[in-house]
>>> print(open('coords.pdb').read())   # PDB, C-alpha atoms and all ligand atoms
ATOM      1  CA  VAL A   1     -23.507  16.550  12.043  1.00  0.00           C
ATOM      2  CA  ASN A   2     -20.599  17.705   9.924  1.00  0.00           C
ATOM      3  CA  ASP A   3     -18.021  17.042  12.598  1.00  0.00           C
ATOM      4  CA  LEU A   4     -14.494  17.320  11.305  1.00  0.00           C
ATOM      5  CA  VAL A   5     -11.593  15.284  12.553  1.00  0.00           C
ATOM      6  CA  THR A   6      -7.948  16.003  12.012  1.00  0.00           C
ATOM      7  CA  ILE A   7      -5.824  13.171  10.749  1.00  0.00           C
ATOM      8  CA  ILE A   8      -2.106  13.840  11.038  1.00  0.00           C
ATOM      9  CA  VAL A   9      -0.201  11.693   8.593  1.00  0.00           C
ATOM     10  CA  GLN A  10       3.396  11.182   9.618  1.00  0.00           C
ATOM     11  CA  GLU A  11       5.816  10.057   6.923  1.00  0.00           C
ATOM     12  CA  ASP A  12       9.413   9.881   8.145  1.00  0.00           C
ATOM     13  CA  ASP A  13      10.320  13.438   9.161  1.00  0.00           C
ATOM     14  CA  THR A  14       7.380  15.087   7.421  1.00  0.00           C
ATOM     15  CA  SER A  15       3.777  15.293   8.456  1.00  0.00           C
ATOM     16  CA  LYS A  16       0.627  16.698   6.965  1.00  0.00           C
ATOM     17  CA  SER A  17      -2.727  17.370   8.594  1.00  0.00           C
ATOM     18  CA  PHE A  18      -6.010  16.577   6.910  1.00  0.00           C
ATOM     19  CA  SER A  19      -9.307  17.914   8.125  1.00  0.00           C
ATOM     20  CA  LEU A  20     -12.030  15.479   7.133  1.00  0.00           C
ATOM     21  CA  PRO A  21     -15.697  14.846   7.900  1.00  0.00           C
ATOM     22  CA  LYS A  22     -15.797  12.183  10.561  1.00  0.00           C
ATOM     23  CA  LYS A  23     -18.943  10.656   9.069  1.00  0.00           C
ATOM     24  CA  LEU A  24     -17.224  10.006   5.742  1.00  0.00           C
ATOM     25  CA  LEU A  25     -14.158   8.439   7.318  1.00  0.00           C
ATOM     26  CA  VAL A  26     -16.189   6.247   9.624  1.00  0.00           C
ATOM     27  CA  TRP A  27     -18.455   5.121   6.796  1.00  0.00           C
ATOM     28  CA  HIS A  28     -15.695   4.115   4.400  1.00  0.00           C
ATOM     29  CA  SER A  29     -13.042   2.702   6.684  1.00  0.00           C
ATOM     30  CA  SER A  30     -13.252   0.016   9.333  1.00  0.00           C
ATOM     31  CA  TYR A  31      -9.925   1.221  10.701  1.00  0.00           C
ATOM     32  CA  PHE A  32     -11.119   4.806  11.203  1.00  0.00           C
ATOM     33  CA  ALA A  33     -14.485   3.597  12.449  1.00  0.00           C
ATOM     34  CA  ALA A  34     -12.639   1.800  15.226  1.00  0.00           C
ATOM     35  CA  ALA A  35     -10.050   4.498  15.802  1.00  0.00           C
ATOM     36  CA  LEU A  36     -12.603   7.318  16.068  1.00  0.00           C
ATOM     37  CA  ASP A  37     -15.205   5.400  18.055  1.00  0.00           C
ATOM     38  CA  PRO A  38     -15.583   7.417  21.280  1.00  0.00           C
ATOM     39  CA  GLU A  39     -16.505   4.217  23.087  1.00  0.00           C
ATOM     40  CA  GLY A  40     -13.659   2.280  21.560  1.00  0.00           C
ATOM     41  CA  TRP A  41     -10.361   1.408  23.166  1.00  0.00           C
ATOM     42  CA  PHE A  42      -8.410   3.138  20.428  1.00  0.00           C
ATOM     43  CA  ALA A  43      -8.886   6.857  20.912  1.00  0.00           C
ATOM     44  CA  PRO A  44      -9.580   8.792  24.077  1.00  0.00           C
ATOM     45  CA  SER A  45     -13.242   9.700  24.414  1.00  0.00           C
ATOM     46  CA  GLY A  46     -14.285  12.640  22.247  1.00  0.00           C
ATOM     47  CA  SER A  47     -10.986  12.733  20.413  1.00  0.00           C
ATOM     48  CA  ASP A  48     -11.020  14.742  17.212  1.00  0.00           C
ATOM     49  CA  LYS A  49      -7.372  14.191  16.351  1.00  0.00           C
ATOM     50  CA  LEU A  50      -5.548  11.102  15.271  1.00  0.00           C
ATOM     51  CA  GLN A  51      -2.000  10.551  14.151  1.00  0.00           C
ATOM     52  CA  ILE A  52      -1.079   7.717  11.814  1.00  0.00           C
ATOM     53  CA  ASP A  53       2.167   6.682  10.140  1.00  0.00           C
ATOM     54  CA  ASP A  54       1.578   6.459   6.419  1.00  0.00           C
ATOM     55  CA  ASP A  55       2.443   7.791   2.997  1.00  0.00           C
ATOM     56  CA  ILE A  56       1.279  11.390   2.566  1.00  0.00           C
ATOM     57  CA  GLY A  57       0.711  11.072  -1.197  1.00  0.00           C
ATOM     58  CA  VAL A  58      -1.408   7.994  -0.626  1.00  0.00           C
ATOM     59  CA  PHE A  59      -3.477   9.750   1.996  1.00  0.00           C
ATOM     60  CA  GLU A  60      -3.967  12.694  -0.387  1.00  0.00           C
ATOM     61  CA  ALA A  61      -5.383  10.289  -2.953  1.00  0.00           C
ATOM     62  CA  PHE A  62      -7.613   8.688  -0.293  1.00  0.00           C
ATOM     63  CA  SER A  63      -8.893  12.079   0.798  1.00  0.00           C
ATOM     64  CA  CYS A  64      -9.511  13.140  -2.816  1.00  0.00           C
ATOM     65  CA  TRP A  65     -11.345   9.891  -3.484  1.00  0.00           C
ATOM     66  CA  MET A  66     -13.628  10.365  -0.467  1.00  0.00           C
ATOM     67  CA  TYR A  67     -14.718  13.786  -1.679  1.00  0.00           C
ATOM     68  CA  THR A  68     -14.857  13.221  -5.431  1.00  0.00           C
ATOM     69  CA  GLY A  69     -14.917   9.465  -6.025  1.00  0.00           C
ATOM     70  CA  ARG A  70     -11.709   9.864  -8.029  1.00  0.00           C
ATOM     71  CA  LEU A  71      -8.154   9.150  -6.956  1.00  0.00           C
ATOM     72  CA  ARG A  72      -6.623  12.222  -8.421  1.00  0.00           C
ATOM     73  CA  ASP A  73      -7.345  15.901  -8.398  1.00  0.00           C
ATOM     74  CA  PRO A  74      -5.145  17.812 -10.824  1.00  0.00           C
ATOM     75  CA  PRO A  75      -4.363  20.887  -8.720  1.00  0.00           C
ATOM     76  CA  THR A  76      -3.125  18.970  -5.700  1.00  0.00           C
ATOM     77  CA  LEU A  77      -1.509  15.832  -6.995  1.00  0.00           C
ATOM     78  CA  LYS A  78       1.596  15.524  -9.060  1.00  0.00           C
ATOM     79  CA  MET A  79       1.025  12.914 -11.712  1.00  0.00           C
ATOM     80  CA  ILE A  80       3.858  10.897 -13.113  1.00  0.00           C
ATOM     81  CA  THR A  81       4.402   7.712 -14.971  1.00  0.00           C
ATOM     82  CA  ASP A  82       7.714   5.964 -14.730  1.00  0.00           C
ATOM     83  CA  GLU A  83       8.239   6.325 -18.429  1.00  0.00           C
ATOM     84  CA  GLY A  84       7.856  10.067 -18.111  1.00  0.00           C
ATOM     85  CA  ASP A  85       4.926  10.245 -20.474  1.00  0.00           C
ATOM     86  CA  GLU A  86       3.459  13.617 -19.687  1.00  0.00           C
ATOM     87  CA  GLU A  87       0.159  13.180 -21.445  1.00  0.00           C
ATOM     88  CA  LEU A  88      -0.525   9.921 -19.648  1.00  0.00           C
ATOM     89  CA  GLY A  89       0.941  11.300 -16.471  1.00  0.00           C
ATOM     90  CA  ALA A  90      -1.741  13.927 -16.487  1.00  0.00           C
ATOM     91  CA  ARG A  91      -4.405  11.224 -16.451  1.00  0.00           C
ATOM     92  CA  TYR A  92      -3.108   8.464 -14.227  1.00  0.00           C
ATOM     93  CA  LEU A  93      -1.254   8.051 -11.010  1.00  0.00           C
ATOM     94  CA  ALA A  94       1.925   6.013 -11.332  1.00  0.00           C
ATOM     95  CA  PRO A  95       1.274   2.259 -11.026  1.00  0.00           C
ATOM     96  CA  LEU A  96       3.439   1.987  -7.904  1.00  0.00           C
ATOM     97  CA  LYS A  97       1.424   4.743  -6.229  1.00  0.00           C
ATOM     98  CA  LEU A  98      -1.780   2.933  -7.177  1.00  0.00           C
ATOM     99  CA  CYS A  99      -0.462  -0.232  -5.552  1.00  0.00           C
ATOM    100  CA  GLN A 100       0.401   1.736  -2.419  1.00  0.00           C
ATOM    101  CA  ILE A 101      -3.161   3.091  -2.406  1.00  0.00           C
ATOM    102  CA  TRP A 102      -4.476  -0.485  -2.665  1.00  0.00           C
ATOM    103  CA  VAL A 103      -2.297  -1.594   0.255  1.00  0.00           C
ATOM    104  CA  PHE A 104      -3.497   1.401   2.279  1.00  0.00           C
ATOM    105  CA  GLY A 105      -7.113   0.459   1.489  1.00  0.00           C
ATOM    106  CA  ASP A 106      -6.437  -3.069   2.636  1.00  0.00           C
ATOM    107  CA  ALA A 107      -4.733  -2.027   5.869  1.00  0.00           C
ATOM    108  CA  ARG A 108      -7.304   0.647   6.730  1.00  0.00           C
ATOM    109  CA  GLY A 109     -10.345  -1.396   5.741  1.00  0.00           C
ATOM    110  CA  VAL A 110     -11.543   0.612   2.701  1.00  0.00           C
ATOM    111  CA  PRO A 111     -12.639  -1.971   0.082  1.00  0.00           C
ATOM    112  CA  ALA A 112     -13.957   0.567  -2.442  1.00  0.00           C
ATOM    113  CA  LEU A 113     -10.635   2.420  -2.448  1.00  0.00           C
ATOM    114  CA  LYS A 114      -8.875  -0.797  -3.409  1.00  0.00           C
ATOM    115  CA  ASN A 115     -11.325  -1.180  -6.297  1.00  0.00           C
ATOM    116  CA  ALA A 116     -10.662   2.369  -7.488  1.00  0.00           C
ATOM    117  CA  ALA A 117      -6.930   1.605  -7.523  1.00  0.00           C
ATOM    118  CA  ILE A 118      -7.518  -1.630  -9.480  1.00  0.00           C
ATOM    119  CA  ASP A 119      -9.696   0.218 -11.987  1.00  0.00           C
ATOM    120  CA  MET A 120      -7.013   2.810 -12.643  1.00  0.00           C
ATOM    121  CA  LEU A 121      -4.301   0.139 -12.935  1.00  0.00           C
ATOM    122  CA  HIS A 122      -6.432  -1.702 -15.458  1.00  0.00           C
ATOM    123  CA  GLU A 123      -7.230   1.457 -17.391  1.00  0.00           C
ATOM    124  CA  CYS A 124      -3.604   2.575 -17.373  1.00  0.00           C
ATOM    125  CA  LEU A 125      -2.459  -0.718 -18.929  1.00  0.00           C
ATOM    126  CA  THR A 126      -5.341  -0.571 -21.387  1.00  0.00           C
ATOM    127  CA  VAL A 127      -4.102   2.756 -22.691  1.00  0.00           C
ATOM    128  CA  ILE A 128      -0.309   2.394 -22.614  1.00  0.00           C
ATOM    129  CA  TRP A 129      -0.312  -1.340 -23.407  1.00  0.00           C
ATOM    130  CA  HIS A 130       3.153  -2.102 -22.165  1.00  0.00           C
ATOM    131  CA  THR A 131       4.289  -3.226 -18.735  1.00  0.00           C
ATOM    132  CA  GLY A 132       7.306  -0.917 -18.332  1.00  0.00           C
ATOM    133  CA  PRO A 133       5.707   1.459 -15.812  1.00  0.00           C
ATOM    134  CA  PHE A 134       4.519  -1.564 -13.785  1.00  0.00           C
ATOM    135  CA  LYS A 135       8.020  -2.923 -13.187  1.00  0.00           C
ATOM    136  CA  PRO A 136       8.501  -1.446  -9.712  1.00  0.00           C
ATOM    137  CA  THR A 137       5.141  -2.845  -8.610  1.00  0.00           C
ATOM    138  CA  ILE A 138       6.180  -6.520  -8.669  1.00  0.00           C
ATOM    139  CA  LYS A 139       8.519  -6.505  -5.679  1.00  0.00           C
ATOM    140  CA  TYR A 140       6.305  -4.029  -3.868  1.00  0.00           C
ATOM    141  CA  ILE A 141       3.207  -6.206  -4.272  1.00  0.00           C
ATOM    142  CA  TYR A 142       4.964  -9.382  -3.152  1.00  0.00           C
ATOM    143  CA  ARG A 143       6.312  -7.626  -0.073  1.00  0.00           C
ATOM    144  CA  ASN A 144       3.070  -5.964   0.926  1.00  0.00           C
ATOM    145  CA  THR A 145       0.207  -8.287   0.066  1.00  0.00           C
ATOM    146  CA  THR A 146      -0.747 -11.816   1.029  1.00  0.00           C
ATOM    147  CA  ASP A 147      -1.335 -14.878  -1.099  1.00  0.00           C
ATOM    148  CA  ARG A 148      -4.491 -14.699  -3.161  1.00  0.00           C
ATOM    149  CA  SER A 149      -4.923 -10.968  -2.755  1.00  0.00           C
ATOM    150  CA  HIS A 150      -6.819  -9.302  -5.596  1.00  0.00           C
ATOM    151  CA  LEU A 151      -3.839  -7.108  -6.363  1.00  0.00           C
ATOM    152  CA  ARG A 152      -1.536 -10.109  -6.831  1.00  0.00           C
ATOM    153  CA  LYS A 153      -4.111 -11.721  -9.040  1.00  0.00           C
ATOM    154  CA  PHE A 154      -4.295  -8.589 -11.150  1.00  0.00           C
ATOM    155  CA  LEU A 155      -0.505  -8.449 -11.475  1.00  0.00           C
ATOM    156  CA  ILE A 156      -0.281 -12.096 -12.499  1.00  0.00           C
ATOM    157  CA  ASP A 157      -3.184 -11.822 -14.921  1.00  0.00           C
ATOM    158  CA  MET A 158      -1.821  -8.744 -16.622  1.00  0.00           C
ATOM    159  CA  HIS A 159       1.573 -10.324 -17.215  1.00  0.00           C
ATOM    160  CA  ALA A 160       0.429 -13.818 -18.104  1.00  0.00           C
ATOM    161  CA  TRP A 161      -2.628 -12.910 -20.147  1.00  0.00           C
ATOM    162  CA  THR A 162      -1.600  -9.775 -21.988  1.00  0.00           C
ATOM    163  CA  ARG A 163       2.033 -10.623 -22.847  1.00  0.00           C
ATOM    164  CA  SER A 164       3.502 -13.285 -25.052  1.00  0.00           C
ATOM    165  CA  PHE A 165       6.213 -15.395 -23.467  1.00  0.00           C
ATOM    166  CA  GLU A 166       8.750 -13.763 -25.779  1.00  0.00           C
ATOM    167  CA  CYS A 167       7.747 -10.356 -24.523  1.00  0.00           C
ATOM    168  CA  PHE A 168       7.666 -11.503 -20.882  1.00  0.00           C
ATOM    169  CA  SER A 169      11.107 -13.063 -21.126  1.00  0.00           C
ATOM    170  CA  LYS A 170      12.589  -9.738 -22.231  1.00  0.00           C
ATOM    171  CA  ILE A 171      11.659  -8.035 -18.959  1.00  0.00           C
ATOM    172  CA  ASN A 172      14.724  -7.335 -16.852  1.00  0.00           C
ATOM    173  CA  ARG A 173      14.754 -10.153 -14.302  1.00  0.00           C
ATOM    174  CA  THR A 174      15.943  -7.983 -11.434  1.00  0.00           C
ATOM    175  CA  VAL A 175      12.361  -6.705 -11.111  1.00  0.00           C
ATOM    176  CA  PHE A 176      10.966 -10.214 -10.485  1.00  0.00           C
ATOM    177  CA  THR A 177      10.472 -12.116  -7.267  1.00  0.00           C
ATOM    178  CA  ILE A 178      10.661 -15.895  -7.200  1.00  0.00           C
ATOM    179  CA  ASP A 179       7.047 -16.212  -6.014  1.00  0.00           C
ATOM    180  CA  PHE A 180       5.878 -14.052  -8.893  1.00  0.00           C
ATOM    181  CA  VAL A 181       7.718 -16.183 -11.445  1.00  0.00           C
ATOM    182  CA  MET A 182       6.371 -19.374  -9.844  1.00  0.00           C
ATOM    183  CA  GLU A 183       2.821 -18.094 -10.267  1.00  0.00           C
ATOM    184  CA  VAL A 184       3.169 -16.718 -13.784  1.00  0.00           C
ATOM    185  CA  MET A 185       5.153 -19.523 -15.406  1.00  0.00           C
ATOM    186  CA  PRO A 186       2.514 -22.277 -15.123  1.00  0.00           C
ATOM    187  CA  ILE A 187       0.133 -20.095 -17.113  1.00  0.00           C
ATOM    188  CA  PHE A 188       2.683 -19.681 -19.916  1.00  0.00           C
ATOM    189  CA  ILE A 189       3.459 -23.401 -19.832  1.00  0.00           C
ATOM    190  CA  GLN A 190      -0.195 -24.337 -20.036  1.00  0.00           C
ATOM    191  CA  ARG A 191      -0.683 -21.980 -22.950  1.00  0.00           C
ATOM    192  CA  ALA A 192       2.335 -23.425 -24.747  1.00  0.00           C
ATOM    193  CA  GLN A 193       0.852 -26.916 -24.368  1.00  0.00           C
ATOM    194  CA  THR A 194      -2.808 -26.283 -25.042  1.00  0.00           C
ATOM    195  CA  GLY A 195      -3.106 -22.844 -26.596  1.00  0.00           C
ATOM    196  CA  GLU A 196      -5.347 -21.838 -23.665  1.00  0.00           C
ATOM    197  CA  PRO A 197      -5.985 -19.431 -22.076  1.00  0.00           C
ATOM    198  CA  LYS A 198      -5.759 -17.197 -25.102  1.00  0.00           C
ATOM    199  CA  ILE A 199      -3.764 -14.015 -24.750  1.00  0.00           C
ATOM    200  CA  PHE A 200      -5.755 -10.788 -24.549  1.00  0.00           C
ATOM    201  CA  THR A 201      -5.543  -8.204 -27.277  1.00  0.00           C
ATOM    202  CA  GLN A 202      -5.543  -4.570 -26.269  1.00  0.00           C
ATOM    203  CA  LYS A 203      -9.166  -4.342 -27.352  1.00  0.00           C
ATOM    204  CA  SER A 204     -10.366  -7.428 -25.485  1.00  0.00           C
ATOM    205  CA  TRP A 205      -8.421  -6.411 -22.348  1.00  0.00           C
ATOM    206  CA  THR A 206     -10.412  -3.148 -22.354  1.00  0.00           C
ATOM    207  CA  LYS A 207     -13.625  -5.125 -21.985  1.00  0.00           C
ATOM    208  CA  VAL A 208     -12.468  -7.622 -19.388  1.00  0.00           C
ATOM    209  CA  ASP A 209     -14.599  -7.720 -16.233  1.00  0.00           C
ATOM    210  CA  ARG A 210     -12.696  -5.821 -13.538  1.00  0.00           C
ATOM    211  CA  CYS A 211     -14.922  -7.277 -10.853  1.00  0.00           C
ATOM    212  CA  GLN A 212     -12.704 -10.377 -10.748  1.00  0.00           C
ATOM    213  CA  TRP A 213     -10.114  -8.196  -8.984  1.00  0.00           C
ATOM    214  CA  HIS A 214     -12.580  -6.273  -6.806  1.00  0.00           C
ATOM    215  CA  ASP A 215     -13.491  -6.542  -3.182  1.00  0.00           C
ATOM    216  CA  HIS A 216     -17.272  -6.202  -3.018  1.00  0.00           C
ATOM    217  CA  SER A 217     -17.623  -6.376   0.733  1.00  0.00           C
ATOM    218  CA  GLY A 218     -18.956  -2.799   0.910  1.00  0.00           C
ATOM    219  CA  PRO A 219     -18.020   0.279   2.947  1.00  0.00           C
ATOM    220  CA  GLY A 220     -15.555  -0.726   5.654  1.00  0.00           C
ATOM    221  CA  GLY A 221     -17.099   1.221   8.515  1.00  0.00           C
ATOM    222  CA  LYS A 222     -20.609   0.070   7.676  1.00  0.00           C
ATOM    223  CA  LEU A 223     -19.428  -3.540   7.770  1.00  0.00           C
ATOM    224  CA  ARG A 224     -17.886  -3.027  11.148  1.00  0.00           C
ATOM    225  CA  LEU A 225     -21.184  -1.726  12.543  1.00  0.00           C
ATOM    226  CA  GLU A 226     -23.114  -4.636  11.081  1.00  0.00           C
ATOM    227  CA  ASN A 227     -20.688  -7.143  12.555  1.00  0.00           C
ATOM    228  CA  ARG A 228     -21.107  -5.572  15.970  1.00  0.00           C
ATOM    229  CA  GLU A 229     -24.884  -5.672  15.940  1.00  0.00           C
TER     230      GLU A 229
HETATM  231 ZN    ZN B 301     -16.699  -4.839  -9.109  1.00  0.00          ZN
END
>>> encode(input="coords.pdb", output="structure tokens")
Amino acid sequence: VNDLVTIIVQEDDTSKSFSLPKKLLVWHSSYFAAALDPEGWFAPSGSDKLQIDDDIGVFEAFSCWMYTGRLRDPPTLKMITDEGDEELGARYLAPLKLCQIWVFGDARGVPALKNAAIDMLHECLTVIWHTGPFKPTIKYIYRNTTDRSHLRKFLIDMHAWTRSFECFSKINRTVFTIDFVMEVMPIFIQRAQTGEPKIFTQKSWTKVDRCQWHDHSGPGGKLRLENRE
């Protein structure tokens, strides 16, 4: 019942093995449900080992989240923010790492993991209330997500709805991509013309409904089973 599988995560020249309950993996992730299906084409029958190429830190967060429902576990994860704020660093993963976790959740079919990453991104901005630590996420998101992804929408919303144009225009342009600017600018232009949508204050941003950036399709592995039946 509590069968364990070993997932070997290979990142460049380093690898790390994770021993995880197969049931949990198969429930949460459509990718692992397929990869560990003894009748599937993916893994040899009865396989209890699987190697994947991925980011070890991201997989640590995924593993922590499966056990605890939280993305970070103080003894095992090093927390940083790009601004080097130690107090905040002790509470949040760096925004870029959170985006990598989201992309992992998307690739491996784990919708609820993506939502956990969105929630922490939202909370992190709520607390620090400046976009500095989010700078490296812009290029990363535009390279690793598709049009209309929830993560892109979050990124656009946070810049267009929580910053004034004056503030936005002071961001170093080398962190932008052209697609990002093309999506954000119309919102600023519309606001300049009509005064709508109103910019969020720190307090109102705290209360905004995060579900607009969530994927509510349910546990990835469960979905896969339902689709097969
Ligand atoms: Zn939701």
>>> closest_atom_pairs(input="coords.pdb", of="chain A", to="ligand ZN 301 (chain B)", cutoff="8 Å", atoms="only C-alpha atoms and all ligand atoms", output="tab-separated table")
residue	atom	partner	partner_atom	distance
A:Asn115	CA	B:ZN301	ZN	7.1
A:Asp209	CA	B:ZN301	ZN	8.0
A:Arg210	CA	B:ZN301	ZN	6.1
A:Cys211	CA	B:ZN301	ZN	3.5
A:Gln212	CA	B:ZN301	ZN	7.0
A:Trp213	CA	B:ZN301	ZN	7.4
A:His214	CA	B:ZN301	ZN	4.9
A:Asp215	CA	B:ZN301	ZN	7.0
A:His216	CA	B:ZN301	ZN	6.3
>>> atom_distance(input="coords.pdb", atom1="CA of Met182 (chain A)", atom2="CA of Ile118 (chain A)")
22.5 Å
>>> residues_around(input="coords.pdb", residues="Tyr31 (chain A)", least_positions_apart="3", cutoff="7 Å", atoms="only C-alpha atoms", output="mmCIF file with C-alpha atoms, in the coordinates of the input")
data_model
loop_
_atom_site.group_PDB
_atom_site.id
_atom_site.type_symbol
_atom_site.label_atom_id
_atom_site.label_comp_id
_atom_site.auth_asym_id
_atom_site.auth_seq_id
_atom_site.Cartn_x
_atom_site.Cartn_y
_atom_site.Cartn_z
ATOM 1 C CA ALA A 34 -12.639 1.800 15.226
ATOM 2 C CA ALA A 35 -10.050 4.498 15.802
ATOM 3 C CA ARG A 108 -7.304 0.647 6.730
ATOM 4 C CA GLY A 109 -10.345 -1.396 5.741
#
>>> closest_residue(input="coords.pdb", among="A:Gly57, A:Gly195, A:Pro136, A:Pro38", to="Val26 (chain A)", atoms="all atoms listed in the file")
A:Pro38
>>> residues_near_point(input="coords.pdb", point="(-14.7, 19.4, 13.2)", cutoff="9 Å", atoms="all atoms listed in the file", output="PyMOL selection string")
chain A and resi 2-6+19-22+48
